[in-house]
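Visitor: Below is the structure I would like to discuss, written out as structure tokens.
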Amino acid sequence: MKNKFLLTFIIFFAIFSFFIFLKALNNSNVYIADNIFKENLVNFKSQELFSTKEISSEEIFKDSEFYILNIWASWCAPCRKEHPILMKLSQNSQVKMIGLNYKDNFDNARNFIYKFGNPYSNIITDKDGVISIGLGAYGVPETFIIDKNKKIIKKFIGPLSKKNLDKIILLIK
Amino acid sequence: MLASQIGYYSLVLGLFFSIFIIYISIKNFNNNQIIDNRIFSLSFLQLLFVFISFIGLIISFINSDFSNVTVFNNSHTTKPLFYKISGTWGNHEGSLLLWLLVLTIFIFLFLVKSKKQPKKYRILTLLFQQIIIIGFFLFVLKTSNPFNYLFPIPSEGLGLNPILQDPILAIHPPILYLGYVGSSIIFSSSLAAVVLKYVSKEWAKHIKIWILIAWIFLTIGILLGSIWAYYELGWGGFWFWDPVENVSLMPWLCLTALLHCILVLEKKLILTSWVIILSISTFTLSMSGTFLVRSGILNSVHTFANDSERGIFILIFLFILIFISLIIFFFFHNEQKKTQSKINLFSKETSIIFNNWFMMYFLSVVLIGTVYPIFLDVLTGVKISVGPPFYHKLIIPFLIPFLIIMSIGPNLSWIKTNLKKINISLIFFFIISLVISFVILKKNNQSTLINTVLLFASLYLFFVTVRDFFNKNFKSYSQKIGHFGFSLLILSIFFNSLFSSEIIINLKVGEIYAFEKGIIKFKKVETFNIKNYKSIVGHFEIEDDKKNLIELKPELRIYNQPVTITSEADIKTTLFSDKFLVMNVVKDHDFFNVRYQSKAFMIWIWISTLLLAVGGIFSLIRRLNEK
């Protein structure tokens, strides 16, 4: 009798812990919250990757309905994976693609573009990662969809997938 | 490329061998009096193929084969060969392959070394172990394949995290795993023993060896990790109550309790249920630890590589094992009729039971401190972090009775002790330690009640164990060394926290800083270019209050792949204290942030932990020779 009670109790407790841990597993994504969602883009200044000219965000974010800002680096393996999707996106004339090169060696970054193609209309650099921090980014790759009022309307963390691509195309229609 | 392919396919083959082994074992279970020889050969082949797979990964690392994602993510061509090899297990995928390797090594050794045990028991142990092995095969192949292919092939890898490029850390994971994963054999065999009602004195005698092996490796593994954290992380401490450290401490506490109470089982055939519960919990704690560390629940930000699929897999697997063991325990186990029902208060077994209660208390404190924040976050959304004060406040007071029981316990005899026979010297040491601790603390103005009593208790254990060395009872040398080591450990930690001092300042080259215990001179800075990093070495001269001069040369390393700055502390070790100096860059380049610490009795912490392990090794050697 006593044993059965104990067994039931332990099993209930085990099931309880199981669901707590399961929930906690999903929770770890909560940290990557869209906390700057629907917020205005902060202005910044940067250097262009190829021309090494100074350029400000006002110059970049103009004359388009939508902007896609993609944070990438040549040393980042998932960036290679998502590159074909970015190439596909760049065929869409509705949208202006901006690449933010994160903490990278410029030669490696240029080679990366020569090798895999250039989906971006502007590539700007973020040598020390300050711009990315300002954007509320957690790492590379990360992709922001920005509307013409310079409001961030969507944020993708990690490499873009085929599904994300469809979502983006729906968004910018 | 080829090595990766071979590695992958031998891994798949290894999984098939598991299924074969299970099939043949079940057929063999009731059939015959002797074990089918095919079981041995298949187990050997399984071990061989996992080993080949592991070698395959090592070769990919040595050749810097960047078509392998694991190699690409964790290696670099400019890395020294030694760290290319150790990089194999310095990452998630590779370390899980190591798990698997250790699992198969242990079951193979178990099969070979348990010839005197009943046949059914051996086969059932093998079956339980194979369930664990299959779980890990699936886990590796499905969620963490170390041989994933990357195309286009990058010309350069991302590099191994520089703080992991360290000789001690290179051997720390394999040794820790031998202990951590070694507990799986205790788990499997205790379940087998329960099912077959084989929990007996013979079983205790035989399983004790495996408990000792796991315990020794776990102790040394924790020690190595702690030494590494001491000089590499540059914080000057040796234990931070970090969750990752805690998950290695919990199985250790459980295993230590088991190590003691298996003695009681061996002598008197009591506490059977308790031994089984401990055996099951040790491995369950190891598995939970793996889950907590590998799922990314504990380190939450900045890790894209953590897909939650891994966490879910290991979580489900963990709970399947828990349910299997619960059901087996509740339906197959019945406590032996109490043969010697009365346990006398003044006997060895009572003191061991007390030891176990304290161990369980320490274990629960660590467990709650580690897991409670997760529960709280899920249930209420409140994020808390549990730090050293929590552990110190809950553990230190309970160390006092623990230490006293530890000094008296081994002097009691089994079953019943005649109180009149208790040696007069025990009382003598009692008074001596009380006086000494009071004097030491009074002299240093630290004499709070808890300090005095704690110091008294550890000194008491120290004296009693030293005295015991002169008692010519060869049999319990291992226990004496172990307990002596523990008293030394507590004493050195205590003195370390009491007599250590720290100074943090910003200094320019050429500056001199005077403080109450001496002078720090910052003489010059030198830079060197070394294979995969740039090194900045600072030259410091410290003059202490007794006019002794020491030179300290801390180093900053700027690694190129990935770009990381690490600071290597310079440590001068003497018997009484460590002088520890570490410097860091300040954004404003003229200054260096300098931290100078004098850590009392640091080396004794390492020596005493090593003594614990030596005690275990003595006991193991004795047990092996008995056979």
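Chain lettering (A, B, ...) mirrors the order of the structure tokens, residue numbering begins at 1 for each chain separately, and ligand numbering begins at 1 in order of display.
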Would you return as JSON, numbers by chain the members of chain A that DSSP assigns to strand (DSSP E) on this structure's backbone?
Guide: {"A": [45, 46, 47, 48, 54, 55, 56, 66, 67, 68, 69, 70, 71, 72, 95, 96, 97, 98, 99, 100, 101, 102, 122, 123, 124, 125, 126, 142, 143, 144, 145, 146, 147, 152, 153, 154, 155, 156, 157]}
Visitor: Just want the 9 Å neighbourhood of Trp203 in chain B, counted on only C-alpha atoms, with same-chain residues fewer than 5 positions away dropped. Output as a PDB file with N, CA and C atoms, in the first residue's frame.
Guide:
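Result went into part.pdb, see below:
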ATOM      1  N   GLN B 117      30.582 -14.355 -11.994  1.00  0.00           N
ATOM      2  CA  GLN B 117      29.195 -14.003 -11.676  1.00  0.00           C
ATOM      3  C   GLN B 117      28.227 -14.920 -12.425  1.00  0.00           C
ATOM      4  N   SER B 190      22.989  -2.969 -11.303  1.00  0.00           N
ATOM      5  CA  SER B 190      22.106  -3.000 -10.146  1.00  0.00           C
ATOM      6  C   SER B 190      20.677  -3.322 -10.580  1.00  0.00           C
ATOM      7  N   ALA B 193      20.652  -6.986 -11.067  1.00  0.00           N
ATOM      8  CA  ALA B 193      20.670  -7.688  -9.780  1.00  0.00           C
ATOM      9  C   ALA B 193      19.296  -7.650  -9.122  1.00  0.00           C
ATOM     10  N   TYR B 198      19.453 -10.807  -7.014  1.00  0.00           N
ATOM     11  CA  TYR B 198      20.849 -11.156  -6.771  1.00  0.00           C
ATOM     12  C   TYR B 198      21.559 -10.089  -5.933  1.00  0.00           C
ATOM     13  N   LYS B 208      31.531  -3.264  -6.105  1.00  0.00           N
ATOM     14  CA  LYS B 208      32.352  -2.258  -5.421  1.00  0.00           C
ATOM     15  C   LYS B 208      33.524  -1.820  -6.302  1.00  0.00           C
ATOM     16  N   GLU B 266      27.954  -5.200   2.014  1.00  0.00           N
ATOM     17  CA  GLU B 266      28.885  -6.301   1.883  1.00  0.00           C
ATOM     18  C   GLU B 266      29.061  -7.038   3.205  1.00  0.00           C
TER      19      GLU B 266
END
Visitor: To one decimal in Å, tell me the separation between CA of Ser75 in chain B and CA of Glu232 in chain B.
Guide: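 Atom-to-atom, CA of Ser75 in chain B and CA of Glu232 in chain B are spaced 20.0 Å apart.
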Visitor: May I have the residues within 10 Å of range 6-17 of chain B as a compact mmCIF listing (two decimals) with N, CA and C atoms, in the first residue's frame, using only C-alpha atoms and disregarding those fewer than 6 positions away in the same chain?
Guide:
# COMPACT_ATOMS: atom_id res chain seq x y z
N TYR B 23 19.54 -9.44 -29.61
CA TYR B 23 18.84 -10.63 -30.14
C TYR B 23 19.47 -11.91 -29.59
N ILE B 39 28.38 -13.48 -28.13
CA ILE B 39 28.13 -12.23 -27.40
C ILE B 39 29.45 -11.49 -27.17
N LEU B 42 30.74 -10.16 -30.57
CA LEU B 42 29.95 -9.01 -31.05
C LEU B 42 30.24 -7.77 -30.21
N SER B 43 30.32 -7.94 -28.89
CA SER B 43 30.61 -6.78 -28.04
C SER B 43 31.97 -6.20 -28.40
N PHE B 44 32.92 -7.12 -28.68
CA PHE B 44 34.23 -6.62 -29.06
C PHE B 44 34.16 -5.86 -30.38
N LEU B 45 33.41 -6.43 -31.34
CA LEU B 45 33.30 -5.76 -32.63
C LEU B 45 32.65 -4.39 -32.47
N GLN B 46 31.62 -4.33 -31.63
CA GLN B 46 30.95 -3.05 -31.43
C GLN B 46 31.95 -2.01 -30.90
N LEU B 47 32.71 -2.44 -29.88
CA LEU B 47 33.73 -1.55 -29.32
C LEU B 47 34.70 -1.13 -30.42
N LEU B 48 35.13 -2.10 -31.22
CA LEU B 48 36.10 -1.83 -32.28
C LEU B 48 35.57 -0.78 -33.26
N PHE B 49 34.30 -0.96 -33.66
CA PHE B 49 33.77 -0.03 -34.65
C PHE B 49 33.56 1.38 -34.10
N VAL B 50 33.12 1.45 -32.84
CA VAL B 50 33.01 2.79 -32.25
C VAL B 50 34.40 3.42 -32.17
N PHE B 51 35.38 2.57 -31.85
CA PHE B 51 36.74 3.07 -31.76
C PHE B 51 37.22 3.57 -33.13
N ILE B 52 36.96 2.79 -34.17
CA ILE B 52 37.36 3.20 -35.52
C ILE B 52 36.70 4.55 -35.86
N SER B 53 35.44 4.65 -35.52
CA SER B 53 34.71 5.88 -35.79
C SER B 53 35.38 7.06 -35.09
N PHE B 54 35.77 6.83 -33.85
CA PHE B 54 36.43 7.88 -33.07
C PHE B 54 37.77 8.25 -33.71
N ILE B 55 38.52 7.22 -34.11
CA ILE B 55 39.80 7.47 -34.78
C ILE B 55 39.56 8.25 -36.08
N GLY B 56 38.48 7.85 -36.79
CA GLY B 56 38.15 8.56 -38.03
C GLY B 56 37.99 10.05 -37.79
N LEU B 57 37.30 10.38 -36.70
CA LEU B 57 37.11 11.80 -36.39
C LEU B 57 38.44 12.46 -36.04
N ILE B 58 39.27 11.75 -35.29
CA ILE B 58 40.58 12.30 -34.93
C ILE B 58 41.39 12.58 -36.20
N ILE B 59 41.37 11.61 -37.14
CA ILE B 59 42.14 11.79 -38.39
C ILE B 59 41.62 13.00 -39.16
N SER B 60 40.28 13.13 -39.21
CA SER B 60 39.73 14.31 -39.91
C SER B 60 40.24 15.59 -39.27
N LEU B 97 30.55 11.29 -29.07
CA LEU B 97 31.18 10.09 -29.60
C LEU B 97 32.06 9.47 -28.52
N LEU B 100 29.96 7.50 -26.14
CA LEU B 100 29.61 6.21 -26.71
C LEU B 100 30.78 5.25 -26.58
N THR B 104 30.84 1.65 -24.48
CA THR B 104 31.14 0.33 -25.03
C THR B 104 32.39 -0.27 -24.36
N GLN B 130 23.00 -2.18 -23.17
CA GLN B 130 22.76 -1.98 -24.60
C GLN B 130 21.60 -1.00 -24.84
N ILE B 133 23.21 2.20 -24.66
CA ILE B 133 24.09 2.39 -25.82
C ILE B 133 23.26 2.73 -27.07
N ILE B 134 22.15 1.99 -27.27
CA ILE B 134 21.31 2.28 -28.43
C ILE B 134 20.80 3.72 -28.36
N GLY B 135 20.36 4.12 -27.17
CA GLY B 135 19.88 5.50 -26.99
C GLY B 135 20.92 6.49 -27.45
N PHE B 136 22.17 6.25 -27.07
CA PHE B 136 23.20 7.22 -27.44
C PHE B 136 23.60 7.12 -28.90
N PHE B 137 23.56 5.90 -29.45
CA PHE B 137 23.80 5.78 -30.89
C PHE B 137 22.79 6.63 -31.66
N LEU B 138 21.51 6.46 -31.28
CA LEU B 138 20.47 7.21 -32.00
C LEU B 138 20.67 8.70 -31.80
N VAL B 140 23.44 10.34 -31.21
CA VAL B 140 24.57 10.84 -32.01
C VAL B 140 24.19 10.89 -33.49
N LEU B 141 23.63 9.78 -33.99
CA LEU B 141 23.36 9.72 -35.43
C LEU B 141 22.27 10.70 -35.85
N ASN B 145 25.39 14.25 -35.38
CA ASN B 145 26.33 13.49 -36.17
C ASN B 145 27.65 14.24 -36.32
N PRO B 146 28.76 13.64 -35.86
CA PRO B 146 30.03 14.35 -35.97
C PRO B 146 30.58 14.35 -37.38
N PHE B 147 29.94 13.62 -38.30
CA PHE B 147 30.51 13.48 -39.64
C PHE B 147 29.68 14.18 -40.71
N ASN B 148 28.94 15.21 -40.35
CA ASN B 148 28.14 15.91 -41.35
C ASN B 148 29.03 16.54 -42.41
Visitor: Near Ile71 in chain A, counting only C-alpha atoms, which residues have an atom at most 10 Å away, once you skip same-chain residues fewer than 6 positions from it, shown as an mmCIF file with N, CA and C atoms, in the first residue's frame?
Guide:
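out.cif, written as the output of this step:
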data_model
loop_
_atom_site.group_PDB
_atom_site.id
_atom_site.type_symbol
_atom_site.label_atom_id
_atom_site.label_comp_id
_atom_site.auth_asym_id
_atom_site.auth_seq_id
_atom_site.Cartn_x
_atom_site.Cartn_y
_atom_site.Cartn_z
ATOM 1 N N CYS A 79 25.779 31.083 -42.595
ATOM 2 C CA CYS A 79 25.611 32.122 -43.612
ATOM 3 C C CYS A 79 25.770 31.545 -45.015
ATOM 4 N N ILE A 98 20.405 44.900 -47.970
ATOM 5 C CA ILE A 98 21.613 45.477 -47.382
ATOM 6 C C ILE A 98 22.335 44.402 -46.576
ATOM 7 N N GLY A 99 23.606 44.230 -46.830
ATOM 8 C CA GLY A 99 24.389 43.253 -46.068
ATOM 9 C C GLY A 99 25.210 43.963 -45.010
ATOM 10 N N LEU A 100 25.131 43.476 -43.794
ATOM 11 C CA LEU A 100 25.965 44.045 -42.738
ATOM 12 C C LEU A 100 27.013 42.996 -42.379
ATOM 13 N N ASN A 101 28.260 43.273 -42.768
ATOM 14 C CA ASN A 101 29.340 42.323 -42.559
ATOM 15 C C ASN A 101 29.851 42.439 -41.126
ATOM 16 N N TYR A 102 29.709 41.336 -40.385
ATOM 17 C CA TYR A 102 29.906 41.379 -38.934
ATOM 18 C C TYR A 102 31.276 40.846 -38.540
ATOM 19 N N ILE A 123 26.796 46.779 -49.244
ATOM 20 C CA ILE A 123 27.387 45.975 -48.161
ATOM 21 C C ILE A 123 28.142 46.922 -47.256
ATOM 22 N N ILE A 124 27.732 46.967 -46.005
ATOM 23 C CA ILE A 124 28.416 47.835 -45.049
ATOM 24 C C ILE A 124 29.081 46.960 -43.999
ATOM 25 N N THR A 125 30.043 47.539 -43.328
ATOM 26 C CA THR A 125 30.837 46.707 -42.411
ATOM 27 C C THR A 125 30.592 47.097 -40.961
ATOM 28 N N ASP A 126 30.740 46.117 -40.127
ATOM 29 C CA ASP A 126 30.568 46.307 -38.688
ATOM 30 C C ASP A 126 31.747 45.626 -38.008
ATOM 31 N N SER A 132 25.592 46.033 -34.880
ATOM 32 C CA SER A 132 24.723 44.885 -34.648
ATOM 33 C C SER A 132 24.129 44.910 -33.248
ATOM 34 N N ALA A 137 20.882 42.657 -32.224
ATOM 35 C CA ALA A 137 21.160 41.342 -32.793
ATOM 36 C C ALA A 137 21.854 40.464 -31.757
ATOM 37 N N GLY A 139 23.542 37.519 -32.861
ATOM 38 C CA GLY A 139 24.662 36.812 -33.479
ATOM 39 C C GLY A 139 24.488 36.816 -34.974
ATOM 40 N N VAL A 140 25.256 35.993 -35.639
ATOM 41 C CA VAL A 140 25.135 35.888 -37.084
ATOM 42 C C VAL A 140 24.638 34.508 -37.452
ATOM 43 N N PRO A 141 23.895 34.293 -38.512
ATOM 44 C CA PRO A 141 23.240 35.355 -39.279
ATOM 45 C C PRO A 141 21.938 35.796 -38.631
ATOM 46 N N GLU A 142 21.528 36.990 -38.989
ATOM 47 C CA GLU A 142 20.255 37.495 -38.513
ATOM 48 C C GLU A 142 19.702 38.397 -39.618
ATOM 49 N N THR A 143 18.402 38.392 -39.797
ATOM 50 C CA THR A 143 17.819 39.135 -40.902
ATOM 51 C C THR A 143 16.664 39.993 -40.423
ATOM 52 N N PHE A 144 16.683 41.276 -40.788
ATOM 53 C CA PHE A 144 15.636 42.212 -40.394
ATOM 54 C C PHE A 144 14.858 42.652 -41.629
ATOM 55 N N ILE A 157 16.066 35.089 -36.731
ATOM 56 C CA ILE A 157 17.325 34.759 -36.072
ATOM 57 C C ILE A 157 17.824 33.430 -36.605
ATOM 58 N N GLY A 158 19.093 33.396 -36.935
ATOM 59 C CA GLY A 158 19.643 32.174 -37.519
ATOM 60 C C GLY A 158 19.443 32.199 -39.021
#
Visitor: For CA of Leu292 in chain B and CA of Pro243 in chain B, determine how far apart the two atoms are, in Å to one decimal place.
Guide: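 Pair CA of Leu292 in chain B / CA of Pro243 in chain B returns 8.5 Å.
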Visitor: Just asking: which residues within range 37-209 of chain B are alpha helix (DSSP H) according to DSSP, as a CSV table (one decimal) with C-alpha atoms, in the first residue's frame?
Guide:
chain,number,residue,atom,x,y,z
B,37,ASN,CA,30.7,-16.8,-27.3
B,38,ARG,CA,29.2,-14.8,-30.0
B,39,ILE,CA,28.1,-12.2,-27.4
B,40,PHE,CA,31.8,-11.6,-26.6
B,41,SER,CA,32.8,-11.3,-30.2
B,42,LEU,CA,29.9,-9.0,-31.0
B,43,SER,CA,30.6,-6.8,-28.0
B,44,PHE,CA,34.2,-6.6,-29.1
B,45,LEU,CA,33.3,-5.8,-32.6
B,46,GLN,CA,31.0,-3.0,-31.4
B,47,LEU,CA,33.7,-1.5,-29.3
B,48,LEU,CA,36.1,-1.8,-32.3
B,49,PHE,CA,33.8,0.0,-34.7
B,50,VAL,CA,33.0,2.8,-32.3
B,51,PHE,CA,36.7,3.1,-31.8
B,52,ILE,CA,37.4,3.2,-35.5
B,53,SER,CA,34.7,5.9,-35.8
B,54,PHE,CA,36.4,7.9,-33.1
B,55,ILE,CA,39.8,7.5,-34.8
B,56,GLY,CA,38.1,8.6,-38.0
B,57,LEU,CA,37.1,11.8,-36.4
B,58,ILE,CA,40.6,12.3,-34.9
B,59,ILE,CA,42.1,11.8,-38.4
B,60,SER,CA,39.7,14.3,-39.9
B,61,PHE,CA,40.9,16.8,-37.3
B,62,ILE,CA,44.6,16.0,-37.8
B,69,VAL,CA,31.2,20.4,-40.3
B,70,THR,CA,32.5,19.4,-36.9
B,71,VAL,CA,36.1,20.0,-38.0
B,72,PHE,CA,35.2,23.2,-39.8
B,73,ASN,CA,33.5,24.6,-36.7
B,74,ASN,CA,36.2,23.6,-34.2
B,81,LEU,CA,48.8,19.2,-33.6
B,82,PHE,CA,48.1,18.4,-30.0
B,83,TYR,CA,45.1,20.7,-29.9
B,84,LYS,CA,43.9,19.5,-33.2
B,85,ILE,CA,43.6,16.1,-31.6
B,86,SER,CA,42.1,17.3,-28.4
B,92,HIS,CA,29.4,18.7,-28.6
B,93,GLU,CA,29.5,16.1,-31.4
B,94,GLY,CA,32.9,14.7,-30.7
B,95,SER,CA,32.3,14.5,-26.9
B,96,LEU,CA,29.2,12.5,-27.5
B,97,LEU,CA,31.2,10.1,-29.6
B,98,LEU,CA,33.5,9.8,-26.6
B,99,TRP,CA,30.5,9.0,-24.4
B,100,LEU,CA,29.6,6.2,-26.7
B,101,LEU,CA,33.2,4.9,-26.8
B,102,VAL,CA,33.3,4.9,-23.0
B,103,LEU,CA,30.0,3.1,-22.7
B,104,THR,CA,31.1,0.3,-25.0
B,105,ILE,CA,34.5,0.0,-23.3
B,106,PHE,CA,32.9,-0.4,-20.0
B,107,ILE,CA,30.4,-3.1,-21.0
B,108,PHE,CA,33.1,-5.0,-22.8
B,109,LEU,CA,35.4,-4.9,-19.8
B,110,PHE,CA,32.5,-5.9,-17.6
B,111,LEU,CA,31.8,-9.0,-19.7
B,112,VAL,CA,35.4,-10.0,-19.6
B,113,LYS,CA,35.9,-9.3,-15.9
B,119,LYS,CA,25.3,-16.1,-16.3
B,120,LYS,CA,21.8,-14.6,-16.2
B,121,TYR,CA,23.0,-11.6,-14.3
B,122,ARG,CA,25.8,-10.9,-16.8
B,123,ILE,CA,23.5,-11.1,-19.7
B,124,LEU,CA,20.8,-8.9,-18.2
B,125,THR,CA,23.4,-6.3,-17.3
B,126,LEU,CA,24.5,-6.4,-20.9
B,127,LEU,CA,20.9,-5.9,-22.1
B,128,PHE,CA,20.4,-2.9,-19.9
B,129,GLN,CA,23.7,-1.4,-21.0
B,130,GLN,CA,22.8,-2.0,-24.6
B,131,ILE,CA,19.5,0.0,-24.1
B,132,ILE,CA,21.6,2.9,-23.0
B,133,ILE,CA,24.1,2.4,-25.8
B,134,ILE,CA,21.3,2.3,-28.4
B,135,GLY,CA,19.9,5.5,-27.0
B,136,PHE,CA,23.2,7.2,-27.4
B,137,PHE,CA,23.8,5.8,-30.9
B,138,LEU,CA,20.5,7.2,-32.0
B,139,PHE,CA,21.2,10.5,-30.3
B,140,VAL,CA,24.6,10.8,-32.0
B,141,LEU,CA,23.4,9.7,-35.4
B,142,LYS,CA,20.1,11.6,-35.4
B,143,THR,CA,20.9,14.9,-33.7
B,167,PRO,CA,47.0,20.7,-21.9
B,168,ILE,CA,44.9,20.0,-18.8
B,169,LEU,CA,41.7,20.7,-20.6
B,170,ALA,CA,42.7,18.3,-23.3
B,171,ILE,CA,42.8,15.3,-20.9
B,172,HIS,CA,40.0,16.6,-18.6
B,173,PRO,CA,37.0,15.4,-20.6
B,174,PRO,CA,38.1,11.8,-21.3
B,175,ILE,CA,39.0,11.3,-17.6
B,176,LEU,CA,35.8,12.9,-16.4
B,177,TYR,CA,33.8,10.9,-18.8
B,178,LEU,CA,35.4,7.6,-17.6
B,179,GLY,CA,33.9,8.4,-14.3
B,180,TYR,CA,30.7,10.0,-15.5
B,181,VAL,CA,29.8,7.4,-18.0
B,182,GLY,CA,31.4,4.6,-16.0
B,183,SER,CA,28.5,4.9,-13.6
B,184,SER,CA,26.3,3.5,-16.3
B,185,ILE,CA,27.7,0.0,-15.6
B,186,ILE,CA,26.6,0.4,-11.9
B,187,PHE,CA,23.2,1.4,-13.1
B,188,SER,CA,22.8,-1.6,-15.5
B,189,SER,CA,24.2,-4.1,-13.1
B,190,SER,CA,22.1,-3.0,-10.1
B,191,LEU,CA,18.9,-3.2,-12.2
B,192,ALA,CA,20.0,-6.7,-13.4
B,193,ALA,CA,20.7,-7.7,-9.8
B,194,VAL,CA,17.2,-6.4,-8.7
B,195,VAL,CA,15.4,-8.3,-11.4
B,201,LYS,CA,27.1,-9.9,-0.4
B,202,GLU,CA,28.8,-11.4,-3.4
B,203,TRP,CA,27.2,-8.8,-5.7
B,204,ALA,CA,28.3,-6.0,-3.4
B,205,LYS,CA,31.8,-7.3,-3.4
B,206,HIS,CA,31.9,-7.4,-7.2
B,207,ILE,CA,30.2,-4.1,-7.9
B,208,LYS,CA,32.4,-2.3,-5.4
B,209,ILE,CA,35.2,-2.5,-7.9
Visitor: Given only C-alpha atoms as the basis, pick out the residue of A:Ile169, A:Ile68, A:Ala77, A:Leu41 nearest to chain B.
Guide: A:Ala77
Visitor: Here is a test: counting only C-alpha atoms, which residue of A:Lys127, A:Lys45, A:Lys88, A:Lys96 is nearest to chain B?
Guide: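 Looking only at the distances to chain B, the closest residue turns out to be A:Lys127.
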Visitor: Point out the residue among A:Phe9, A:Asp147, A:Val130, A:Asn111 with the least atom-to-atom distance to Ile172 in chain A, counting only C-alpha atoms.
Guide: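 Closest to Ile172 in chain A, using only C-alpha atoms: A:Asp147.
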Visitor: At a cut-off of 10 Å, using only C-alpha atoms, what residues contact Leu285 in chain B? Leave out same-chain residues fewer than 2 positions from it and give the result as a PDB file with C-alpha atoms, in the first residue's frame.
Guide:
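Result saved to around04.pdb:
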ATOM      1  CA  TYR B 180      30.678  10.019 -15.474  1.00  0.00           C
ATOM      2  CA  SER B 183      28.494   4.926 -13.586  1.00  0.00           C
ATOM      3  CA  VAL B 247      26.430  18.664 -12.540  1.00  0.00           C
ATOM      4  CA  SER B 248      29.770  16.910 -12.117  1.00  0.00           C
ATOM      5  CA  LEU B 249      29.659  17.303  -8.349  1.00  0.00           C
ATOM      6  CA  MET B 250      26.207  15.741  -7.949  1.00  0.00           C
ATOM      7  CA  PRO B 251      27.086  12.269  -9.286  1.00  0.00           C
ATOM      8  CA  TRP B 252      30.260  12.481  -7.241  1.00  0.00           C
ATOM      9  CA  CYS B 254      25.976  10.232  -4.870  1.00  0.00           C
ATOM     10  CA  ILE B 280      20.188   4.278 -10.041  1.00  0.00           C
ATOM     11  CA  SER B 281      20.418   7.918  -8.997  1.00  0.00           C
ATOM     12  CA  THR B 282      24.123   8.205  -9.752  1.00  0.00           C
ATOM     13  CA  PHE B 283      23.666   7.453 -13.399  1.00  0.00           C
ATOM     14  CA  MET B 287      22.354  11.793 -17.551  1.00  0.00           C
ATOM     15  CA  SER B 288      20.531  14.834 -16.193  1.00  0.00           C
ATOM     16  CA  GLY B 289      23.838  16.632 -16.105  1.00  0.00           C
ATOM     17  CA  THR B 290      24.401  15.803 -19.743  1.00  0.00           C
ATOM     18  CA  PHE B 291      20.915  17.016 -20.502  1.00  0.00           C
ATOM     19  CA  LEU B 318      16.421  10.299 -19.656  1.00  0.00           C
ATOM     20  CA  LEU B 367      20.533  19.924  -6.941  1.00  0.00           C
TER      21      LEU B 367
END
